[in-house]
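Okay, data_25.cif is below, mmCIF, C-alpha atoms:
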```cif
data_data
loop_
_atom_site.label_atom_id
_atom_site.label_comp_id
_atom_site.auth_asym_id
_atom_site.auth_seq_id
_atom_site.Cartn_x
_atom_site.Cartn_y
_atom_site.Cartn_z
CA MET A 1 -222.22 118.14 -91.99
CA TYR A 2 -219.02 116.14 -91.84
CA ALA A 3 -216.43 115.25 -89.24
CA MET A 4 -212.80 116.25 -89.68
CA GLN A 5 -210.99 115.62 -92.95
CA PHE A 6 -207.24 115.98 -93.46
CA GLU A 7 -205.16 115.99 -96.62
CA VAL A 8 -201.41 116.40 -97.12
CA LEU A 9 -200.97 118.91 -99.95
CA LYS A 10 -197.17 119.06 -100.12
CA GLN A 11 -194.30 117.15 -98.51
CA SER A 12 -191.04 119.03 -97.94
CA SER A 13 -188.17 117.58 -99.98
CA ASN A 14 -185.49 117.89 -97.30
CA THR A 15 -187.39 117.81 -93.98
CA SER A 16 -190.38 115.95 -92.52
CA ALA A 17 -192.52 119.10 -92.78
CA ARG A 18 -195.74 118.96 -94.74
CA LEU A 19 -198.36 121.43 -95.90
CA GLY A 20 -201.85 120.16 -95.13
CA LEU A 21 -205.52 121.05 -95.38
CA LEU A 22 -207.73 120.35 -92.37
CA LYS A 23 -211.52 120.58 -92.58
CA THR A 24 -213.96 120.57 -89.67
CA PRO A 25 -217.72 121.15 -89.57
CA HIS A 26 -217.02 124.86 -89.00
CA ASN A 27 -214.25 125.78 -91.44
CA SER A 28 -211.15 124.63 -93.27
CA PHE A 29 -207.57 125.86 -92.96
CA LYS A 30 -204.04 125.03 -93.95
CA THR A 31 -201.56 123.38 -91.63
CA PRO A 32 -199.12 123.71 -89.91
CA VAL A 33 -201.31 125.83 -87.67
CA PHE A 34 -200.97 127.56 -84.31
CA MET A 35 -204.05 127.50 -82.06
CA PRO A 36 -204.54 130.39 -79.59
CA VAL A 37 -205.63 129.14 -76.18
CA GLY A 38 -209.05 130.18 -74.90
CA THR A 39 -208.94 128.35 -71.58
CA GLN A 40 -212.30 129.50 -70.22
CA ALA A 41 -214.15 129.98 -73.53
CA THR A 42 -212.26 133.18 -74.25
CA VAL A 43 -208.79 134.01 -75.53
CA LYS A 44 -207.79 136.48 -72.85
CA THR A 45 -208.54 140.15 -73.78
CA MET A 46 -209.59 139.20 -77.35
CA THR A 47 -213.03 139.26 -78.98
CA PRO A 48 -213.90 136.55 -81.52
CA ASP A 49 -213.98 139.21 -84.25
CA GLU A 50 -210.43 140.25 -83.37
CA LEU A 51 -209.27 136.64 -83.48
CA GLU A 52 -210.79 136.29 -86.91
CA GLN A 53 -209.13 139.52 -88.08
CA ILE A 54 -205.65 138.34 -87.09
CA GLY A 55 -206.19 135.09 -88.99
CA ALA A 56 -207.01 132.59 -86.25
CA LYS A 57 -208.86 129.57 -87.66
CA ILE A 58 -208.99 127.28 -84.64
CA ILE A 59 -208.70 127.88 -80.90
CA LEU A 60 -208.33 125.61 -77.88
CA SER A 61 -210.57 125.56 -74.83
CA ASN A 62 -210.11 123.71 -71.56
CA THR A 63 -212.32 120.86 -70.40
CA TYR A 64 -211.22 120.99 -66.75
CA HIS A 65 -211.91 124.70 -66.33
CA LEU A 66 -215.21 124.68 -68.24
CA TYR A 67 -216.37 121.67 -66.23
CA LEU A 68 -215.80 123.61 -63.01
CA ARG A 69 -217.14 126.93 -64.33
CA PRO A 70 -219.74 127.42 -65.74
CA GLY A 71 -220.36 123.66 -66.13
CA HIS A 72 -220.64 121.63 -69.33
CA GLU A 73 -224.39 121.18 -68.99
CA LEU A 74 -224.88 124.94 -69.01
CA VAL A 75 -222.72 125.25 -72.13
CA LYS A 76 -224.74 122.48 -73.78
CA GLU A 77 -227.97 124.29 -72.82
CA ALA A 78 -226.55 127.44 -74.48
CA GLY A 79 -226.16 125.52 -77.74
CA GLY A 80 -222.56 124.39 -77.35
CA LEU A 81 -219.26 126.18 -77.01
CA HIS A 82 -219.39 127.86 -80.43
CA LYS A 83 -222.69 129.60 -79.71
CA PHE A 84 -221.85 130.23 -76.07
CA MET A 85 -218.74 132.24 -76.98
CA ASN A 86 -219.89 133.40 -80.44
CA TRP A 87 -216.93 131.86 -82.29
CA GLN A 88 -217.51 130.73 -85.87
CA GLY A 89 -214.18 128.96 -86.41
CA SER A 90 -213.03 125.56 -85.23
CA ILE A 91 -212.52 124.59 -81.58
CA LEU A 92 -210.37 121.89 -80.01
CA THR A 93 -210.93 120.92 -76.39
CA ASP A 94 -208.27 119.18 -74.37
CA SER A 95 -209.31 116.31 -72.10
CA GLY A 96 -208.60 118.05 -68.81
CA GLY A 97 -205.85 115.55 -68.07
CA PHE A 98 -202.96 118.00 -67.97
CA GLN A 99 -204.76 120.35 -65.57
CA VAL A 100 -205.89 117.52 -63.30
CA PHE A 101 -202.42 116.02 -63.10
CA SER A 102 -200.93 119.46 -62.48
CA LEU A 103 -202.84 119.64 -59.19
CA GLY A 104 -200.20 117.50 -57.45
CA ASP A 105 -201.27 116.69 -53.89
CA LEU A 106 -204.83 117.77 -54.67
CA ARG A 107 -205.48 114.68 -56.81
CA GLU A 108 -205.44 110.89 -56.54
CA ILE A 109 -205.18 108.58 -59.56
CA ASN A 110 -206.44 105.03 -59.99
CA GLU A 111 -207.57 102.81 -62.85
CA GLU A 112 -210.99 104.42 -63.04
CA GLY A 113 -209.71 107.98 -63.35
CA VAL A 114 -208.66 110.86 -61.14
CA THR A 115 -210.28 112.18 -57.98
CA PHE A 116 -209.26 115.75 -57.31
CA ARG A 117 -210.07 118.87 -55.36
CA SER A 118 -211.05 122.01 -57.24
CA HIS A 119 -208.39 124.71 -57.25
CA ILE A 120 -211.27 127.19 -56.85
CA ASP A 121 -213.03 126.05 -53.69
CA GLY A 122 -211.51 122.73 -52.67
CA SER A 123 -214.62 120.72 -53.56
CA LEU A 124 -214.13 117.07 -54.48
CA HIS A 125 -214.55 115.93 -58.11
CA PHE A 126 -213.84 112.95 -60.35
CA ILE A 127 -212.86 112.80 -64.03
CA GLY A 128 -212.17 109.58 -65.87
CA PRO A 129 -212.18 108.68 -69.56
CA GLU A 130 -215.97 108.47 -69.77
CA THR A 131 -216.47 111.68 -67.79
CA SER A 132 -213.99 113.59 -69.92
CA ILE A 133 -215.71 112.49 -73.13
CA GLU A 134 -219.15 113.27 -71.68
CA ILE A 135 -217.98 116.80 -70.86
CA GLN A 136 -216.40 117.28 -74.28
CA ASN A 137 -219.45 115.92 -76.08
CA ALA A 138 -221.54 118.48 -74.22
CA LEU A 139 -219.14 121.31 -75.05
CA GLY A 140 -219.41 120.38 -78.73
CA ALA A 141 -215.87 121.19 -79.97
CA ASP A 142 -214.87 120.03 -83.46
CA ILE A 143 -211.85 118.11 -82.15
CA ILE A 144 -211.76 116.45 -78.74
CA MET A 145 -208.97 114.65 -76.93
CA ALA A 146 -208.72 111.28 -75.23
CA PHE A 147 -208.15 111.36 -71.46
CA ASP A 148 -204.53 110.55 -70.69
CA GLU A 149 -202.04 110.77 -67.87
CA CYS A 150 -199.62 113.62 -68.41
CA ILE A 151 -196.34 112.25 -67.10
CA PRO A 152 -194.17 114.60 -65.00
CA TYR A 153 -190.51 115.26 -65.72
CA PRO A 154 -188.41 113.60 -64.52
CA ALA A 155 -190.12 110.24 -63.88
CA THR A 156 -188.84 106.70 -63.34
CA TYR A 157 -189.03 104.09 -66.08
CA ASP A 158 -191.48 101.90 -64.14
CA TYR A 159 -193.77 104.83 -63.44
CA VAL A 160 -193.82 105.84 -67.11
CA LEU A 161 -194.40 102.25 -68.26
CA ASN A 162 -197.44 101.87 -65.98
CA SER A 163 -198.70 105.27 -67.07
CA VAL A 164 -198.35 104.47 -70.77
CA GLU A 165 -200.29 101.23 -70.38
CA ARG A 166 -203.03 102.99 -68.40
CA THR A 167 -203.25 105.76 -71.01
CA THR A 168 -203.85 103.13 -73.71
CA ARG A 169 -206.61 101.50 -71.66
CA TRP A 170 -208.15 104.92 -71.07
CA ALA A 171 -207.96 105.69 -74.81
CA GLU A 172 -210.00 102.57 -75.57
CA ARG A 173 -212.59 103.61 -72.99
CA CYS A 174 -212.74 107.09 -74.54
CA GLN A 175 -213.50 105.60 -77.95
CA LYS A 176 -216.36 103.54 -76.51
CA ALA A 177 -217.77 106.56 -74.64
CA HIS A 178 -217.65 108.95 -77.62
CA ASN A 179 -221.25 109.34 -78.83
CA ASN A 180 -220.93 112.09 -81.45
CA PRO A 181 -218.32 110.91 -84.00
CA GLU A 182 -220.14 112.40 -86.97
CA ARG A 183 -219.67 115.92 -85.55
CA GLN A 184 -216.66 115.64 -83.24
CA THR A 185 -213.32 114.03 -84.08
CA LEU A 186 -211.50 112.22 -81.28
CA PHE A 187 -207.67 112.32 -81.17
CA GLY A 188 -205.51 109.82 -79.29
CA ILE A 189 -202.50 111.00 -77.27
CA VAL A 190 -199.04 109.43 -77.30
CA GLN A 191 -197.12 109.54 -74.03
CA GLY A 192 -193.93 107.78 -72.89
CA GLY A 193 -191.93 110.47 -71.11
CA MET A 194 -188.30 110.74 -72.17
CA TYR A 195 -187.85 106.99 -72.78
CA LYS A 196 -187.65 106.20 -76.48
CA ASP A 197 -188.79 102.59 -76.19
CA LEU A 198 -191.85 103.71 -74.22
CA ARG A 199 -192.57 106.47 -76.76
CA GLN A 200 -192.48 103.79 -79.45
CA LYS A 201 -194.70 101.46 -77.42
CA SER A 202 -197.22 104.22 -76.73
CA ALA A 203 -197.26 105.35 -80.36
CA LEU A 204 -197.79 101.81 -81.68
CA ASP A 205 -200.45 101.04 -79.07
CA ILE A 206 -202.40 104.26 -79.59
CA THR A 207 -202.20 104.24 -83.42
CA SER A 208 -203.43 100.64 -83.45
CA LEU A 209 -206.74 101.95 -82.07
CA GLY A 210 -207.42 103.87 -85.28
CA PHE A 211 -207.96 107.46 -84.15
CA LYS A 212 -208.52 110.19 -86.77
CA GLY A 213 -205.64 112.27 -85.40
CA TYR A 214 -202.79 111.96 -82.92
CA ALA A 215 -201.32 114.24 -80.29
CA ILE A 216 -197.88 114.05 -78.74
CA GLY A 217 -198.20 114.81 -75.05
CA GLY A 218 -195.75 115.05 -72.18
CA LEU A 219 -193.23 117.32 -73.91
CA SER A 220 -192.31 120.90 -72.95
CA VAL A 221 -192.88 119.93 -69.31
CA GLY A 222 -189.50 121.07 -68.02
CA GLU A 223 -187.05 119.02 -70.05
CA PRO A 224 -184.22 120.71 -72.02
CA LYS A 225 -185.22 121.80 -75.51
CA GLU A 226 -182.61 119.53 -77.09
CA LEU A 227 -184.21 116.53 -75.39
CA MET A 228 -187.69 117.63 -76.45
CA TYR A 229 -186.56 117.85 -80.09
CA GLU A 230 -184.83 114.47 -79.84
CA ILE A 231 -187.89 112.69 -78.44
CA LEU A 232 -190.15 114.45 -80.94
CA GLU A 233 -187.95 113.45 -83.88
CA PHE A 234 -187.97 109.86 -82.64
CA THR A 235 -191.73 109.71 -82.05
CA VAL A 236 -193.24 111.31 -85.17
CA PRO A 237 -192.24 108.53 -87.63
CA PHE A 238 -194.45 106.12 -85.68
CA LEU A 239 -197.54 108.24 -86.45
CA PRO A 240 -199.54 107.76 -89.67
CA ASN A 241 -198.70 110.06 -92.60
CA ASP A 242 -202.35 110.64 -93.49
CA LYS A 243 -203.48 111.83 -90.03
CA PRO A 244 -202.85 115.23 -88.38
CA ARG A 245 -200.14 115.36 -85.73
CA TYR A 246 -200.56 117.72 -82.79
CA LEU A 247 -197.76 118.74 -80.40
CA MET A 248 -199.48 119.83 -77.22
CA GLY A 249 -198.53 122.93 -75.23
CA VAL A 250 -195.71 124.21 -77.46
CA GLY A 251 -195.61 127.73 -78.92
CA ALA A 252 -192.22 129.48 -78.77
CA PRO A 253 -191.22 130.54 -82.30
CA GLU A 254 -188.18 128.25 -82.37
CA ASP A 255 -190.27 125.32 -81.15
CA LEU A 256 -192.79 125.90 -83.94
CA PHE A 257 -190.00 125.74 -86.52
CA GLU A 258 -188.41 122.65 -85.00
CA GLY A 259 -191.75 120.91 -84.59
CA VAL A 260 -192.81 121.61 -88.17
CA ILE A 261 -189.46 120.41 -89.51
CA ARG A 262 -190.04 117.13 -87.67
CA GLY A 263 -193.51 116.67 -89.14
CA VAL A 264 -195.95 118.31 -86.69
CA ASP A 265 -199.14 119.92 -88.05
CA MET A 266 -200.81 121.54 -85.02
CA PHE A 267 -199.59 123.50 -82.00
CA ASP A 268 -201.10 125.34 -79.04
CA CYS A 269 -199.64 127.30 -76.16
CA VAL A 270 -200.56 129.96 -73.58
CA LEU A 271 -197.13 131.55 -74.06
CA PRO A 272 -198.08 134.44 -76.41
CA THR A 273 -200.99 135.63 -74.28
CA ARG A 274 -199.24 135.03 -70.96
CA ILE A 275 -196.10 137.02 -71.78
CA ALA A 276 -198.24 139.73 -73.39
CA ARG A 277 -199.86 140.34 -70.01
CA ASN A 278 -196.36 140.88 -68.59
CA GLY A 279 -195.49 143.43 -71.26
CA THR A 280 -193.30 141.10 -73.35
CA VAL A 281 -193.75 140.79 -77.11
CA PHE A 282 -192.26 138.80 -79.97
CA THR A 283 -190.46 140.73 -82.69
CA GLY A 284 -188.44 139.64 -85.69
CA ASN A 285 -185.33 140.60 -83.68
CA GLY A 286 -186.25 138.66 -80.55
CA LYS A 287 -188.40 139.32 -77.50
CA LEU A 288 -188.94 142.89 -76.36
CA VAL A 289 -190.03 143.89 -72.85
CA VAL A 290 -191.97 147.03 -73.70
CA ARG A 291 -192.58 147.99 -70.08
CA ASN A 292 -188.86 148.74 -69.62
CA ALA A 293 -187.78 152.35 -69.11
CA VAL A 294 -185.68 152.38 -72.28
CA TYR A 295 -188.90 152.58 -74.33
CA ALA A 296 -190.40 155.57 -72.50
CA ARG A 297 -189.64 157.88 -75.45
CA ASP A 298 -189.55 155.26 -78.21
CA PHE A 299 -192.18 156.30 -80.74
CA SER A 300 -191.62 153.38 -83.11
CA PRO A 301 -193.97 150.37 -83.34
CA LEU A 302 -193.34 147.18 -81.39
CA ASP A 303 -192.01 145.60 -84.59
CA PRO A 304 -191.40 147.87 -87.62
CA HIS A 305 -191.92 144.90 -89.95
CA CYS A 306 -195.25 143.82 -88.46
CA ASP A 307 -198.61 144.61 -90.08
CA CYS A 308 -200.83 143.89 -87.06
CA TYR A 309 -203.35 146.44 -85.77
CA THR A 310 -201.13 147.28 -82.82
CA CYS A 311 -198.00 147.97 -84.85
CA LYS A 312 -199.85 149.99 -87.47
CA ASN A 313 -201.45 152.31 -84.90
CA TYR A 314 -199.46 152.54 -81.65
CA THR A 315 -195.95 153.18 -80.39
CA ARG A 316 -193.78 151.44 -77.84
CA ALA A 317 -193.92 154.55 -75.64
CA TYR A 318 -197.71 154.58 -75.59
CA ILE A 319 -198.04 150.85 -74.94
CA ARG A 320 -195.44 151.09 -72.16
CA HIS A 321 -197.46 153.90 -70.60
CA LEU A 322 -200.65 151.81 -70.74
CA ILE A 323 -199.05 148.76 -69.18
CA ASN A 324 -197.28 150.68 -66.43
CA THR A 325 -200.56 152.40 -65.49
CA ASN A 326 -202.43 149.06 -65.54
CA GLU A 327 -204.70 150.13 -68.37
CA ILE A 328 -206.42 147.13 -69.96
CA LEU A 329 -205.79 148.43 -73.48
CA GLY A 330 -202.07 147.86 -72.99
CA ILE A 331 -202.31 144.10 -72.59
CA ARG A 332 -204.97 143.93 -75.29
CA LEU A 333 -202.53 145.52 -77.74
CA THR A 334 -199.62 143.28 -76.76
CA THR A 335 -201.87 140.20 -77.00
CA ILE A 336 -203.11 141.16 -80.47
CA HIS A 337 -199.51 141.59 -81.58
CA ASN A 338 -198.17 138.32 -80.11
CA LEU A 339 -200.96 136.18 -81.54
CA TYR A 340 -200.68 137.88 -84.92
CA PHE A 341 -196.93 137.33 -84.86
CA LEU A 342 -197.24 133.56 -84.38
CA ILE A 343 -200.17 133.14 -86.77
CA ASN A 344 -198.31 135.14 -89.42
CA LEU A 345 -195.15 133.11 -88.76
CA MET A 346 -197.13 129.94 -89.47
CA LYS A 347 -198.34 131.45 -92.75
CA GLN A 348 -194.71 132.12 -93.68
CA ILE A 349 -193.85 128.54 -92.75
CA GLN A 350 -196.71 127.24 -94.90
CA ALA A 351 -195.43 129.25 -97.87
CA ALA A 352 -191.89 128.00 -97.24
CA ILE A 353 -193.02 124.38 -97.27
CA GLU A 354 -194.91 124.96 -100.49
CA GLY A 355 -191.87 126.67 -102.04
CA ASP A 356 -189.39 124.20 -100.50
CA TYR A 357 -187.28 126.78 -98.66
CA LEU A 358 -188.24 126.02 -95.05
CA LEU A 359 -184.70 125.53 -93.75
CA ASP A 360 -183.62 128.82 -95.34
CA LEU A 361 -186.55 130.59 -93.67
CA ARG A 362 -185.67 129.04 -90.32
CA ASP A 363 -181.99 129.99 -90.59
CA GLU A 364 -182.83 133.58 -91.53
CA PHE A 365 -185.38 133.84 -88.72
CA TYR A 366 -182.90 132.43 -86.17
CA ILE A 367 -180.18 134.88 -87.20
CA ASN A 368 -182.53 137.87 -86.79
CA TYR A 369 -184.12 136.48 -83.62
CA GLY A 370 -180.75 135.74 -82.01
CA ILE A 371 -181.08 131.94 -81.86
CA LYS A 372 -178.20 129.59 -82.59
CA SER A 373 -179.39 126.91 -85.06
#
```

What does this structure look like when you write it as structure tokens?
Amino acid sequence: MYAMQFEVLKQSSNTSARLGLLKTPHNSFKTPVFMPVGTQATVKTMTPDELEQIGAKIILSNTYHLYLRPGHELVKEAGGLHKFMNWQGSILTDSGGFQVFSLGDLREINEEGVTFRSHIDGSLHFIGPETSIEIQNALGADIIMAFDECIPYPATYDYVLNSVERTTRWAERCQKAHNNPERQTLFGIVQGGMYKDLRQKSALDITSLGFKGYAIGGLSVGEPKELMYEILEFTVPFLPNDKPRYLMGVGAPEDLFEGVIRGVDMFDCVLPTRIARNGTVFTGNGKLVVRNAVYARDFSPLDPHCDCYTCKNYTRAYIRHLINTNEILGIRLTTIHNLYFLINLMKQIQAAIEGDYLLDLRDEFYINYGIKS
């Protein structure tokens, strides 16, 4: 078997977008790619077969949550995350850093790592670079992430500077702790908050360590979209052309377009599954809240132009009924649709890069979706 391989197949002529091919020990797929989030070894309401049917090639699982329940040693005993959840495609695990730092007053950071209290039962735990890699090695994902500090927004310059330097030191420790490089590919993470000079410093420091792929962290954490795009556009040129670039935690359709145009290859986000559970779906004409009363007698599909299982078989009226009566099938159908929508959008983006009409596709999508470009 081999570790990850990445090849740029086509560079856009008028943007920084590129069509790529990414291979892992479990499969290969084209990029740019959207990764559904399976936080606790499951994409909520979806079976692995259904994920495969909608075109998912790689999913994300969460180190922090799987460490707490059921425990990484149990997953290792089961044969690793792929066997444990019966998923044949690729898996990326995050480092647990974002979740740990999201705990606020429940955690304490120092040079060694982070001591925190479980959000489940209040028990005391510690995760540092070595611990995070140990957990991820046990889980056995194809791509694993270095342990970093996810910087809050807003944050002072001095805080971000200290954080960036610590993240680099932690990245070096992650590399030394990683004991399965022939099967699992370790990505470094660039931080730096909203300060361009610190983004540059972090990117140069992290890329100097020679990771096989690079993530951009600390965006989409509350800052205005315009600022996110500005920092992203500034940061990407400091990342190597021949390595995959991963924008963490971003998944709104407009953010996928803007990220791809700026040179990003990989995305993940809980957005499509989270809003699906609230009865909100993506359509080519914008978001639709199917639980609203206006759809009570609407016997058309969620999106007339969508070919997903949900849209081919069920109406807005029926799905509204299911959701308003708390029937599980309702949120299963909206989840199938939302994930299919984003995965299919990425396929359209791939084709547009190959045919060199990405900006035209974006402009047409924005007009229909109701977004000002």

- Message: Report, in Å to a single decimal, how far apart atom CA of Leu103 of chain A and atom CA of Phe84 of chain A are.
- Response: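 Going from atom CA of Phe84 of chain A over to atom CA of Leu103 of chain A covers 27.5 Å.
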
- Task: Compare A:Pro244, A:Pro25, A:Pro181, A:Gly193 by their minimum atom-to-atom distance to Tyr214 of chain A, counting only C-alpha atoms, and give me the closest one.
- Result: A:Pro244

- Taking the point (-209.8, 126.1, -57.1) as given in the file, collect each protein or nucleic acid residue that comes within 12 Å of it, counting all atoms listed in the file, and present the set as a list in words.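 The answer, in the requested form, is Tyr64, His65, Leu68, Arg69, Gln99, Val100, Leu103, Leu106, Phe116, Arg117, Ser118, His119, Ile120, Asp121, Gly122, Ser123, Leu124 and His125 of chain A.
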
- Is there a way to get, as a PyMOL selection string, all residues within 12 Å of the point (-198.2, 149.9, -67.6) in file coordinates, counting all atoms listed in the file? chain A and resi 276-280+289-293+295-296+316-334

- Message: Using Å and a single decimal, report how far atom CA of Ile133 of chain A sits from atom CA of Ala56 of chain A.
- Response: 25.5 Å

- Task: Determine, counting only C-alpha atoms, which protein, DNA and RNA residues have an atom within 12 Å of an atom of Glu230 of chain A; residues of the same chain fewer than 6 positions away are not included. Present the result as a ChimeraX atom specification.
- Result: /A:193-196,199,219,223-224,236,258-259,262

Resulting file, chosen residues, C-alpha atoms, as a PDB file, keeping the file's coordinate frame:
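Wrote it out as result_35.pdb, contents follow:
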```
ATOM      1  CA  GLY A 193    -191.930 110.470 -71.110  1.00  0.00           C
ATOM      2  CA  MET A 194    -188.300 110.740 -72.170  1.00  0.00           C
ATOM      3  CA  TYR A 195    -187.850 106.990 -72.780  1.00  0.00           C
ATOM      4  CA  LYS A 196    -187.650 106.200 -76.480  1.00  0.00           C
ATOM      5  CA  ARG A 199    -192.570 106.470 -76.760  1.00  0.00           C
ATOM      6  CA  LEU A 219    -193.230 117.320 -73.910  1.00  0.00           C
ATOM      7  CA  GLU A 223    -187.050 119.020 -70.050  1.00  0.00           C
ATOM      8  CA  PRO A 224    -184.220 120.710 -72.020  1.00  0.00           C
ATOM      9  CA  VAL A 236    -193.240 111.310 -85.170  1.00  0.00           C
ATOM     10  CA  GLU A 258    -188.410 122.650 -85.000  1.00  0.00           C
ATOM     11  CA  GLY A 259    -191.750 120.910 -84.590  1.00  0.00           C
ATOM     12  CA  ARG A 262    -190.040 117.130 -87.670  1.00  0.00           C
TER      13      ARG A 262
END
```

- Item | Evaluate the PyMOL selection byres ((chain A and resi 269) around 6) and report residues as a list in words |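 With the shown file as input, the PyMOL selection byres ((chain A and resi 269) around 6) matches Gly249, Val250, Gly251, Asp268, Val270 and Leu271 of chain A.
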
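Closest approach to Pro129 of chain A among A:Cys308, A:Ile91, A:Met266, A:Ala171 is made by A:Ala171 (distances from all atoms listed in the file).
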
Generate N, CA and C atoms for segment 339-351 of chain A and emit them as a tab-separated table (two decimals), in the coordinates of the input.
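What landed in result.tsv:
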```
chain	number	residue	atom	x	y	z
A	339	LEU	N	-200.22	137.21	-80.81
A	339	LEU	CA	-200.96	136.18	-81.54
A	339	LEU	C	-200.81	136.37	-83.05
A	340	TYR	N	-200.88	137.62	-83.50
A	340	TYR	CA	-200.68	137.88	-84.92
A	340	TYR	C	-199.29	137.43	-85.36
A	341	PHE	N	-198.30	137.69	-84.53
A	341	PHE	CA	-196.93	137.33	-84.86
A	341	PHE	C	-196.81	135.84	-85.12
A	342	LEU	N	-197.36	135.01	-84.22
A	342	LEU	CA	-197.24	133.56	-84.38
A	342	LEU	C	-198.09	133.04	-85.52
A	343	ILE	N	-199.30	133.58	-85.67
A	343	ILE	CA	-200.17	133.14	-86.77
A	343	ILE	C	-199.55	133.52	-88.11
A	344	ASN	N	-198.97	134.71	-88.19
A	344	ASN	CA	-198.31	135.14	-89.42
A	344	ASN	C	-197.05	134.32	-89.68
A	345	LEU	N	-196.32	133.96	-88.61
A	345	LEU	CA	-195.15	133.11	-88.76
A	345	LEU	C	-195.54	131.76	-89.35
A	346	MET	N	-196.67	131.22	-88.92
A	346	MET	CA	-197.13	129.94	-89.47
A	346	MET	C	-197.50	130.07	-90.94
A	347	LYS	N	-198.04	131.22	-91.32
A	347	LYS	CA	-198.34	131.45	-92.75
A	347	LYS	C	-197.04	131.48	-93.56
A	348	GLN	N	-196.01	132.11	-93.00
A	348	GLN	CA	-194.71	132.12	-93.68
A	348	GLN	C	-194.15	130.71	-93.78
A	349	ILE	N	-194.32	129.93	-92.74
A	349	ILE	CA	-193.85	128.54	-92.75
A	349	ILE	C	-194.60	127.72	-93.79
A	350	GLN	N	-195.92	127.93	-93.87
A	350	GLN	CA	-196.71	127.24	-94.90
A	350	GLN	C	-196.18	127.56	-96.30
A	351	ALA	N	-195.94	128.84	-96.55
A	351	ALA	CA	-195.43	129.25	-97.87
A	351	ALA	C	-194.05	128.65	-98.14
```
